[in-house]
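Q: Got a structure for you, written out below as structure tokens; questions coming shortly.
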Amino acid sequence: MPAGIVSYGAYIPRYRIRAEEIARVWGEREDMARSLNVFQKSVPDLDEDAVTIAVEASRNAVKRASVDPARIGAIYAGSESHPYAVKPTATIVGEAIGVDHQLTAADFEFACKAGTAAVQACLGLVSANLIDLGLAIGTDTSQGAPGDALEYTAAAGGAAFIIGREDLAAEIEGFYSFTTDTPDFWRREGMAYPEHGGRFTGEPGYFKHVTSATLGLLAKMKTGPEDYDYAVFHQPNGKFPERVAKRLGFSRDQIEPGLVVPWIGNTYSGSSLIGLAATLDVASPGERILLASFGSGAGSDAFSIRVRDAIDEIRDRAPKVRDYFEDVVYLDYAVYAKHKGKLRL
Amino acid sequence: MSTVPRFWRHIPQRYNLVGTHCKNCDEYYFPPRTICPTCRRAARMEDHKFRGEGEVVTFTTIYNATDDFKRQTPYNLAIIELSEGPRLTGQVICSPSEIEIGMRVRPVFRILGKDGDRGIIYYGTKFVPAGGPI
Amino acid sequence: MRSVSIIGAGCTKFGERWDDSLRDLVVETGIMALEDASVSGEEIDGLYVGNMSGGRFVEQEHIGALISDCAGLSRLHVPSTRVEAACASGGLALRQGVLAVASGYSDVVIAAGVEKMTDVTGGVAADALAAAADREWECFFGATFPALYAMIARLHMHRYGTTREELAEVAVKNHHNGCSNPISQYQVEITIDEVLRSPLVADPLRVLDCSPITDGAAAVVLAPTEEAKKYSDGPVRILAAAQASDTLALHDRRDITTLDASVFAARKAFSQAGLAPGDVDLAEVHDAFTIGEIVAIEDLGFVEKGKGGRAVSDGLTSIGGEIPVNTSGGLKACGHPVGATGIKQAYEMVLQLRGEAGKRQVEGAQVGLTHNVGGCGGTAIVHIMSR
């Protein structure tokens with residue numbers, strides 16, 4: 001029985017900091033923004049974290065398809081910035097969207113791909129008829145050490161997908177995952193900021209995994225890049241997804257609707273899922289979307305998705321990704337540092 | 001600021017504005033009341049989840065707060081009249097120059113406070129101006 | 001019911017009393033009141049003390065026994081009761097004392113109030129005071145006391161056209177009055193401009209709209225009126241002792257710009273005394289914030305709702321005006337040791353009605369009213385007294 005996306009919702013905080021403002025503080029070259037293709041990134045409010053973002057995205061998903069939260073049998077929340085080291089994000093989301101309490105829940109962590117892993121877990125339970133609906137969330141208020149290259153991109157945002165068998169807005173036709181033990185990026189227990197392997201995060205990390213998963217999926221589905229109307233690749237910056245798309249034979253037009261990183265930065269667990277949400281915001285029934293996430297450590301989950309008729313009914317019932325690009329408030333580095341808790345009090 | 005059981009007991013109210021409705025007089029209450037002040041012993045109370053949309057009745061911007069809130073200043077506090085009738089006190093997230101009496105607001109899910117660096121995080125409802133792009 | 005009179009009164013200097021503990025303040029005021037009343041310890045058969053938050057301010061509860069002990073009454077085993085109604089704790093102690101004597105259950109009763117507030121930081125004090133509001137449904141969201149009164153002020157300004165300057169006039173007048181009160185915390189004149197330039201606390205209220213953090217204690221001695229002359233040459237008769245309550249949270253009130261508790265307490269008090277607002281020569285009202293005084297003179301019936309601000313700037317409430325308000329300097333200038341305030345108001349009234357108020361004396365004062373509020377109107381207590 002086909003399974004897929006019943007509804008989806010995204011949330012991006014209102015605040016932004018420009019890459020040039022970060023470069024100014026650290027004396028970096030002015031064309032940093034252009035070299036990363038990230039001009040600004042989202043910043044959470046003082047009272048926002050991965051939980052509040054997950055709740056807002058999930059409420060948007062529930063609202064978009066008027067889903068009865070009592071039907072949700074599983075909640076998996078993927079993040080690398082869960083506010084609690086021990087105590088699930090997923091249970092808070094469940095209570096906040098008003099589930100009945102007969103459900104299973106857990107938090108996932110797999111760097112930037114915990115959200116797509118949550119989608120797969122829900123898909124398994126739904127496809128096996130073990131639950132009616134599953135809620136998969138990718139949410140982060142990611143951290144980059146002051147002055148580190150990550151600081152230009154580490155952003156805040158999230159997306160939530162309700163996975164089910166009936167009333168699909170988009171069918172997940174299949175997925176293919178590729179996973180190895182590659183320490184390209186990590187954060188040790190108790191540390192405030194992650195460490196990374198610099199250029200090692202590129203070829204052996206992002207490109208090897210995204211390419212392997214995508215090629216694996218295309219082979220499994222017996223499809224080629226030309227069979228997809230859109231493609232969404234994990235977007236740690238604006239350059240990597242462009243480069244990997246080109247390498248795999250996808251055009252700029254195919255990735256353009258889902259490429260949101262230049263305006264909001266890398267929302268980590270939210271990143272590829274927000275890209276998918278932005279694509280669903282514009283896709284028409286019958287169109288196909290290829291999604292490939294990437295999580296350091298490392299792995300990539302690639303999905304083949306076909307949009308169905310229901311998308312037209314539900315699309316406008318909740319805020320779209322690009323609605324969150326409007327009415328933003330820019331912060332200087334000092335206020336940004338306060339928002340991100342970078343000042344030790 | 002609070003304790004674990006005191007916070008936990010009010011999670012439905014904090015997260016989802018669950019109040020009460022008296023079926024006898026059709027009056028709505030938030031925060032919830034066990035006894036309807038109008039009907040008292042004749043009251044027939046049931047839970048009611050408020051939509052959370054409402055209007056600013058009056059407001060202030062706080063510049064000098066208690067220790068728990070001093071890192072948030074300045075912040076707006078308002079009395080909000082919910083569409084269903086009852087009034088509550090809550091924070092309105094917007095610039096102090098933007099808030100005004102009669103402004104429509106809608107609820108958002110935010111951190112209300114934290115029990116220091118080691119204790120629990122108090123999540124709940126704040127408000128933002130309604131009618132923006134989102 | 002017996003008529004009750006105040007036969008003696010005492011009050012400490014209000015202010016930051018760094019050298020003195022809560023116990024020291026109690027002893028100081030107790031001695032003053034008992035000397036004034038010329039009663040002996042053996043004659044005292046009841047003690048009521050208003051104290052809002054010994055637990056938060058000095059980590060001491062069981063204030064009833066404590067003050068009886070400090071006052072040297074422990075060997076007489078006098079019943080001593082601490083009462084609490086937030087900032088109206090003092091007014092409540094007075095009323096409980098009046099009820100005890102009026103009922104015939106006690107004959108000579110001390111009603112006292114005390115608060116020692118400066119042993120904790122400003123933040124802790126603000127949080128302790130905020131406990132008088134609704135902890136779960138106001139303070140939890142960041143409400144402070146100035147914030148609640150600021151919301152009253154905002155709506156009063158919006159609805160009645162009350163101006164920022166009129167609020168400032170209250171502080172200017174009360175500071176002026178405080179200058180001629182030796183116990184006043186502040187004895188310095190301020191200008192409207194200074195109020196308007198003082199830092200914002202909770203917009204529209206500024207630092208100089210707010211009563212300060214104060215240490216202080218006050219006590220009065222009560223006896224049946226028929227025996228009052230035995231103790232005092234100038235007893236002051238309690239004509240009414242009324243109390244009313246309202247919702248704890250401001251948002252639940254019928255009208256946010258009216259303290260219904262004040263309205264109901266005043267109505268009961270005037271009915272008990274057989275008087276009308278026009279019969280009152282002067283009043284001590286609860287001006288924890290400048291807007292509080294404006295709302296109070298409306299709710300007590302001295303001026304029409306919405307006209308309070310204008311009344312202050314027209315000089316109606318100044319000494320020499322139609323109804324002088326807060327001749328002591330009020331909570332604003334004289335200081336606001338929360339549990340003591342209600343008793344200090346009675347102390348000021350005793351001085352005024354005896355004609356002993358010096359430069360701030362209201363000529364020919366015969367009937368005075370005191371008005372003490374708990375929280376932002378959850379409790380209101382009104383006493384009317386005459387010489």
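Naming works like this for the structure tokens: A, B, ... for the chains as they're shown, residue 1 at the start of each chain, ligands 1 onward in shown order.
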Find the residues of chain B in contact range of chain A, meaning any atom within 9 Å when counting only C-alpha atoms, and list them as a list in words.
A: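 Matching residues, ligands excluded from the count: Ile11, Pro12, Tyr15, Asn16, Gln72, Val108, Phe109, Arg110, Ile111, Leu112, Gly113, Ile120, Ile121, Tyr123, Gly124, Gly132, Pro133 and Ile134 of chain B.
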Q: Using the selection just defined, write its residues with C-alpha atoms as a PDB file, in the first residue's frame.
A:
ATOM      1  CA  ILE B  11       0.795  21.960  31.062  1.00  0.00           C
ATOM      2  CA  PRO B  12      -2.606  21.811  29.269  1.00  0.00           C
ATOM      3  CA  TYR B  15       0.621  24.893  26.072  1.00  0.00           C
ATOM      4  CA  ASN B  16      -2.914  24.963  24.754  1.00  0.00           C
ATOM      5  CA  GLN B  72      14.417  39.636  28.559  1.00  0.00           C
ATOM      6  CA  VAL B 108       2.683  31.233  19.637  1.00  0.00           C
ATOM      7  CA  PHE B 109       4.618  28.537  21.466  1.00  0.00           C
ATOM      8  CA  ARG B 110       7.631  29.897  23.327  1.00  0.00           C
ATOM      9  CA  ILE B 111       9.879  29.424  26.330  1.00  0.00           C
ATOM     10  CA  LEU B 112       8.242  31.192  29.281  1.00  0.00           C
ATOM     11  CA  GLY B 113      11.144  30.667  31.632  1.00  0.00           C
ATOM     12  CA  ILE B 120      13.433  22.350  33.660  1.00  0.00           C
ATOM     13  CA  ILE B 121      12.336  24.623  30.842  1.00  0.00           C
ATOM     14  CA  TYR B 123       7.230  26.187  27.721  1.00  0.00           C
ATOM     15  CA  GLY B 124       3.921  27.841  27.002  1.00  0.00           C
ATOM     16  CA  GLY B 132       1.325  39.582   9.512  1.00  0.00           C
ATOM     17  CA  PRO B 133       2.500  37.660   6.459  1.00  0.00           C
ATOM     18  CA  ILE B 134       2.484  34.404   8.437  1.00  0.00           C
TER      19      ILE B 134
END
Q: Using only C-alpha atoms, which protein or nucleic acid residues come within 10 Å of B:Val128? Drop anything in the same chain fewer than 6 positions from it, and give the result as a list of chain:residue names.
A: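 Within the cut-off, the hits are B:Glu53, B:Gln91, B:Val92, B:Ile93, B:Cys94, B:Ile99, B:Met103, B:Arg104, B:Val105, B:Arg106, B:Pro107, B:Val108.
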Q: Please provide the set of residues having any atom within 12 Å of C:Glu227, restricted to only C-alpha atoms, with same-chain residues fewer than 3 positions apart removed, written as a PyMOL selection string.
A: chain C and resi 2-7+101+107-108+222-224+230-233+235+237
Q: For chain B, work out the contacting residues on chain C at 9 Å, counting only C-alpha atoms, and write them as number ranges by chain.
A: C: 122-127, 130, 135-144, 146-148, 150-155, 158, 199-205, 249-252, 256
Q: Export C-alpha atoms of the chosen residues as a PDB file, in the first residue's frame?
A:
ATOM      1  CA  GLY C 122      15.971  44.538  44.742  1.00  0.00           C
ATOM      2  CA  GLY C 123      15.234  41.568  42.486  1.00  0.00           C
ATOM      3  CA  VAL C 124      14.271  39.321  45.383  1.00  0.00           C
ATOM      4  CA  ALA C 125      12.164  42.098  46.902  1.00  0.00           C
ATOM      5  CA  ALA C 126      10.370  42.635  43.583  1.00  0.00           C
ATOM      6  CA  ASP C 127       9.637  38.920  43.369  1.00  0.00           C
ATOM      7  CA  ALA C 130       4.927  40.057  43.034  1.00  0.00           C
ATOM      8  CA  ARG C 135       1.773  33.824  40.786  1.00  0.00           C
ATOM      9  CA  GLU C 136       0.537  31.218  38.317  1.00  0.00           C
ATOM     10  CA  TRP C 137      -1.376  33.434  35.881  1.00  0.00           C
ATOM     11  CA  GLU C 138       0.341  36.827  36.076  1.00  0.00           C
ATOM     12  CA  CYS C 139       3.860  36.589  37.518  1.00  0.00           C
ATOM     13  CA  PHE C 140       4.624  33.386  35.602  1.00  0.00           C
ATOM     14  CA  PHE C 141       4.477  35.437  32.410  1.00  0.00           C
ATOM     15  CA  GLY C 142       6.749  38.153  33.769  1.00  0.00           C
ATOM     16  CA  ALA C 143       4.255  40.446  35.493  1.00  0.00           C
ATOM     17  CA  THR C 144       5.634  42.710  38.207  1.00  0.00           C
ATOM     18  CA  PRO C 146       4.590  48.172  38.612  1.00  0.00           C
ATOM     19  CA  ALA C 147       3.545  46.369  35.414  1.00  0.00           C
ATOM     20  CA  LEU C 148       0.040  45.646  36.706  1.00  0.00           C
ATOM     21  CA  ALA C 150       1.058  50.408  34.528  1.00  0.00           C
ATOM     22  CA  MET C 151      -1.679  48.483  32.708  1.00  0.00           C
ATOM     23  CA  ILE C 152      -4.281  50.214  34.869  1.00  0.00           C
ATOM     24  CA  ALA C 153      -2.625  53.560  34.066  1.00  0.00           C
ATOM     25  CA  ARG C 154      -2.469  52.845  30.329  1.00  0.00           C
ATOM     26  CA  LEU C 155      -6.180  52.087  30.136  1.00  0.00           C
ATOM     27  CA  HIS C 158      -6.693  55.800  27.021  1.00  0.00           C
ATOM     28  CA  PRO C 199      13.879  55.855  34.147  1.00  0.00           C
ATOM     29  CA  LEU C 200      11.003  53.766  32.826  1.00  0.00           C
ATOM     30  CA  VAL C 201      10.042  50.875  35.083  1.00  0.00           C
ATOM     31  CA  ALA C 202       6.911  49.627  33.324  1.00  0.00           C
ATOM     32  CA  ASP C 203       5.737  52.029  30.658  1.00  0.00           C
ATOM     33  CA  PRO C 204       4.052  54.490  31.307  1.00  0.00           C
ATOM     34  CA  LEU C 205       5.213  54.287  34.945  1.00  0.00           C
ATOM     35  CA  ALA C 249      -5.690  38.689  39.048  1.00  0.00           C
ATOM     36  CA  LEU C 250      -6.153  42.092  37.432  1.00  0.00           C
ATOM     37  CA  HIS C 251      -7.338  40.559  34.132  1.00  0.00           C
ATOM     38  CA  ASP C 252     -10.408  39.049  35.825  1.00  0.00           C
ATOM     39  CA  ILE C 256      -9.531  47.277  34.949  1.00  0.00           C
TER      40      ILE C 256
END
Q: What's the 9 Å shell around C:Asp45, counting only C-alpha atoms, without same-chain residues fewer than 6 positions away, as an MDAnalysis selection string?
A: chainID C and resid 78:80 106:110
Q: What does the distance between atom CA of C:Ala93 and atom CA of C:Lys116 come to in Å, to one decimal place?
A: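 Separation between atom CA of C:Ala93 and atom CA of C:Lys116: 16.9 Å.
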Q: Please list as a PyMOL selection string every residue within 10 Å of A:Ile311, counting only C-alpha atoms and excluding residues in the same chain fewer than 3 positions away.
A: chain A and resi 5-7+64-65+167-170+280-285+307-308+314-316
Q: Please save C-alpha atoms of the selected residues as a CSV table (one decimal), in the first residue's frame.
A:
chain,number,residue,atom,x,y,z
A,5,ILE,CA,3.1,12.8,3.1
A,6,VAL,CA,-0.4,13.7,4.4
A,7,SER,CA,0.6,17.1,5.4
A,64,ARG,CA,-2.6,22.4,6.8
A,65,ALA,CA,-4.5,19.2,6.3
A,167,ASP,CA,-5.3,11.4,1.7
A,168,LEU,CA,-1.7,11.7,0.5
A,169,ALA,CA,-0.5,15.1,-0.7
A,170,ALA,CA,2.6,13.3,-2.0
A,280,LEU,CA,5.8,21.2,-2.1
A,281,ASP,CA,4.7,24.9,-1.8
A,282,VAL,CA,5.0,25.2,-5.5
A,283,ALA,CA,4.7,21.7,-7.0
A,284,SER,CA,1.7,20.5,-9.0
A,285,PRO,CA,-0.1,17.2,-8.8
A,307,VAL,CA,3.0,14.9,-5.7
A,308,ARG,CA,-0.7,14.0,-5.7
A,314,ILE,CA,-4.1,21.8,1.5
A,315,ARG,CA,-1.3,24.0,0.3
A,316,ASP,CA,-2.7,27.4,1.2
Q: In stretch 9-94 of chain B, what's strand (DSSP E) per DSSP? Answer as a PyMOL selection string?
A: chain B and resi 18-22+27-29+45-49+54-62+75-82+87-92
Q: Tell me which protein, DNA and RNA residues are within 10 Å of A:Ala149, counting only C-alpha atoms, leaving out same-chain ones fewer than 3 positions away, and put them as a list in words.
A: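 These residues fall inside the cut-off: Ala23, Glu28, Met32, Leu36, Gly144, Ala145, Pro146, Tyr152, Thr153, Ala154, His196 and Gly198 of chain A.
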Q: Would you output that residue set with C-alpha atoms, as a PDB file, in the first residue's frame?
A:
ATOM      1  CA  ALA A  23      32.624  38.817   8.644  1.00  0.00           C
ATOM      2  CA  GLU A  28      37.060  37.959   7.407  1.00  0.00           C
ATOM      3  CA  MET A  32      32.371  35.480   2.385  1.00  0.00           C
ATOM      4  CA  LEU A  36      29.324  30.419   0.517  1.00  0.00           C
ATOM      5  CA  GLY A 144      28.672  27.536  15.263  1.00  0.00           C
ATOM      6  CA  ALA A 145      31.581  28.598  17.445  1.00  0.00           C
ATOM      7  CA  PRO A 146      32.233  32.358  17.348  1.00  0.00           C
ATOM      8  CA  TYR A 152      28.144  31.987   8.768  1.00  0.00           C
ATOM      9  CA  THR A 153      25.607  29.245   8.164  1.00  0.00           C
ATOM     10  CA  ALA A 154      24.447  27.657  11.465  1.00  0.00           C
ATOM     11  CA  HIS A 196      34.593  19.709  12.046  1.00  0.00           C
ATOM     12  CA  GLY A 198      37.396  21.494   7.491  1.00  0.00           C
TER      13      GLY A 198
END
Q: If you run DSSP over the backbone, which residues in stretch 99-338 of chain A end up alpha helix (DSSP H)? Put them as an mmCIF file with C-alpha atoms, in the first residue's frame.
A:
data_model
loop_
_atom_site.group_PDB
_atom_site.id
_atom_site.type_symbol
_atom_site.label_atom_id
_atom_site.label_comp_id
_atom_site.auth_asym_id
_atom_site.auth_seq_id
_atom_site.Cartn_x
_atom_site.Cartn_y
_atom_site.Cartn_z
ATOM 1 C CA ALA A 114 17.930 13.242 11.828
ATOM 2 C CA GLY A 115 14.739 14.646 10.275
ATOM 3 C CA THR A 116 14.784 12.367 7.227
ATOM 4 C CA ALA A 117 15.632 9.413 9.478
ATOM 5 C CA ALA A 118 12.457 10.311 11.411
ATOM 6 C CA VAL A 119 10.503 10.291 8.134
ATOM 7 C CA GLN A 120 11.819 6.783 7.387
ATOM 8 C CA ALA A 121 10.902 5.503 10.856
ATOM 9 C CA CYS A 122 7.355 6.834 10.461
ATOM 10 C CA LEU A 123 7.132 5.412 6.965
ATOM 11 C CA GLY A 124 8.056 1.968 8.308
ATOM 12 C CA LEU A 125 5.379 1.996 11.003
ATOM 13 C CA VAL A 126 2.765 3.416 8.658
ATOM 14 C CA SER A 127 3.548 1.015 5.824
ATOM 15 C CA LYS A 208 30.419 10.909 -1.350
ATOM 16 C CA HIS A 209 27.283 10.226 0.673
ATOM 17 C CA VAL A 210 24.810 12.411 -1.208
ATOM 18 C CA THR A 211 26.065 11.081 -4.532
ATOM 19 C CA SER A 212 25.968 7.451 -3.417
ATOM 20 C CA ALA A 213 22.462 7.716 -1.973
ATOM 21 C CA THR A 214 21.090 9.574 -4.993
ATOM 22 C CA LEU A 215 22.634 7.198 -7.519
ATOM 23 C CA GLY A 216 21.410 4.262 -5.429
ATOM 24 C CA LEU A 217 17.891 5.673 -5.436
ATOM 25 C CA LEU A 218 17.890 6.358 -9.181
ATOM 26 C CA ALA A 219 19.054 2.791 -9.827
ATOM 27 C CA LYS A 220 16.468 1.364 -7.446
ATOM 28 C CA MET A 221 13.651 3.438 -8.951
ATOM 29 C CA LYS A 239 27.543 25.961 -3.070
ATOM 30 C CA PHE A 240 27.439 22.259 -2.161
ATOM 31 C CA PRO A 241 23.882 21.547 -3.363
ATOM 32 C CA GLU A 242 24.573 23.385 -6.637
ATOM 33 C CA ARG A 243 27.751 21.425 -7.189
ATOM 34 C CA VAL A 244 26.282 18.030 -6.313
ATOM 35 C CA ALA A 245 23.237 18.701 -8.479
ATOM 36 C CA LYS A 246 25.455 19.483 -11.437
ATOM 37 C CA ARG A 247 27.600 16.433 -10.825
ATOM 38 C CA LEU A 248 24.504 14.197 -10.736
ATOM 39 C CA ARG A 252 19.519 24.721 -11.692
ATOM 40 C CA ASP A 253 15.804 24.948 -12.394
ATOM 41 C CA GLN A 254 15.186 21.625 -10.676
ATOM 42 C CA ILE A 255 16.863 22.663 -7.424
ATOM 43 C CA VAL A 261 19.923 28.312 2.274
ATOM 44 C CA PRO A 262 21.012 31.679 0.783
ATOM 45 C CA TRP A 263 18.240 33.440 2.754
ATOM 46 C CA ILE A 264 18.002 31.426 5.966
ATOM 47 C CA SER A 271 17.554 21.994 6.156
ATOM 48 C CA SER A 272 16.608 19.457 3.476
ATOM 49 C CA LEU A 273 13.089 19.126 4.918
ATOM 50 C CA ILE A 274 12.480 22.890 4.688
ATOM 51 C CA GLY A 275 13.772 22.601 1.108
ATOM 52 C CA LEU A 276 11.213 19.849 0.484
ATOM 53 C CA ALA A 277 8.457 21.942 2.099
ATOM 54 C CA ALA A 278 9.378 24.934 -0.085
ATOM 55 C CA THR A 279 9.185 22.650 -3.131
ATOM 56 C CA LEU A 280 5.792 21.239 -2.110
ATOM 57 C CA ALA A 310 -4.577 16.710 -2.576
ATOM 58 C CA ILE A 311 -1.643 19.139 -2.553
ATOM 59 C CA ASP A 312 -3.775 21.813 -4.210
ATOM 60 C CA GLU A 313 -6.412 21.544 -1.498
ATOM 61 C CA ILE A 314 -4.109 21.832 1.481
ATOM 62 C CA TYR A 333 26.413 40.759 16.007
ATOM 63 C CA ALA A 334 26.041 41.888 19.636
ATOM 64 C CA VAL A 335 22.304 41.265 19.800
ATOM 65 C CA TYR A 336 22.758 38.050 17.808
ATOM 66 C CA ALA A 337 25.290 36.918 20.430
ATOM 67 C CA LYS A 338 22.700 37.611 23.133
#
Q: Between atom CA of A:Arg344 and atom CA of A:Tyr15, what distance in Å does the model show, to one decimal?
A: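 About the pair atom CA of A:Arg344 and atom CA of A:Tyr15: they are 21.2 Å apart.
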Q: With only C-alpha atoms as the counted atoms, please give the residues lying no more than 9 Å from C:Asp279, apart from itself and same-chain residues fewer than 3 positions off, as a PyMOL selection string.
A: chain C and resi 275-276+367-368
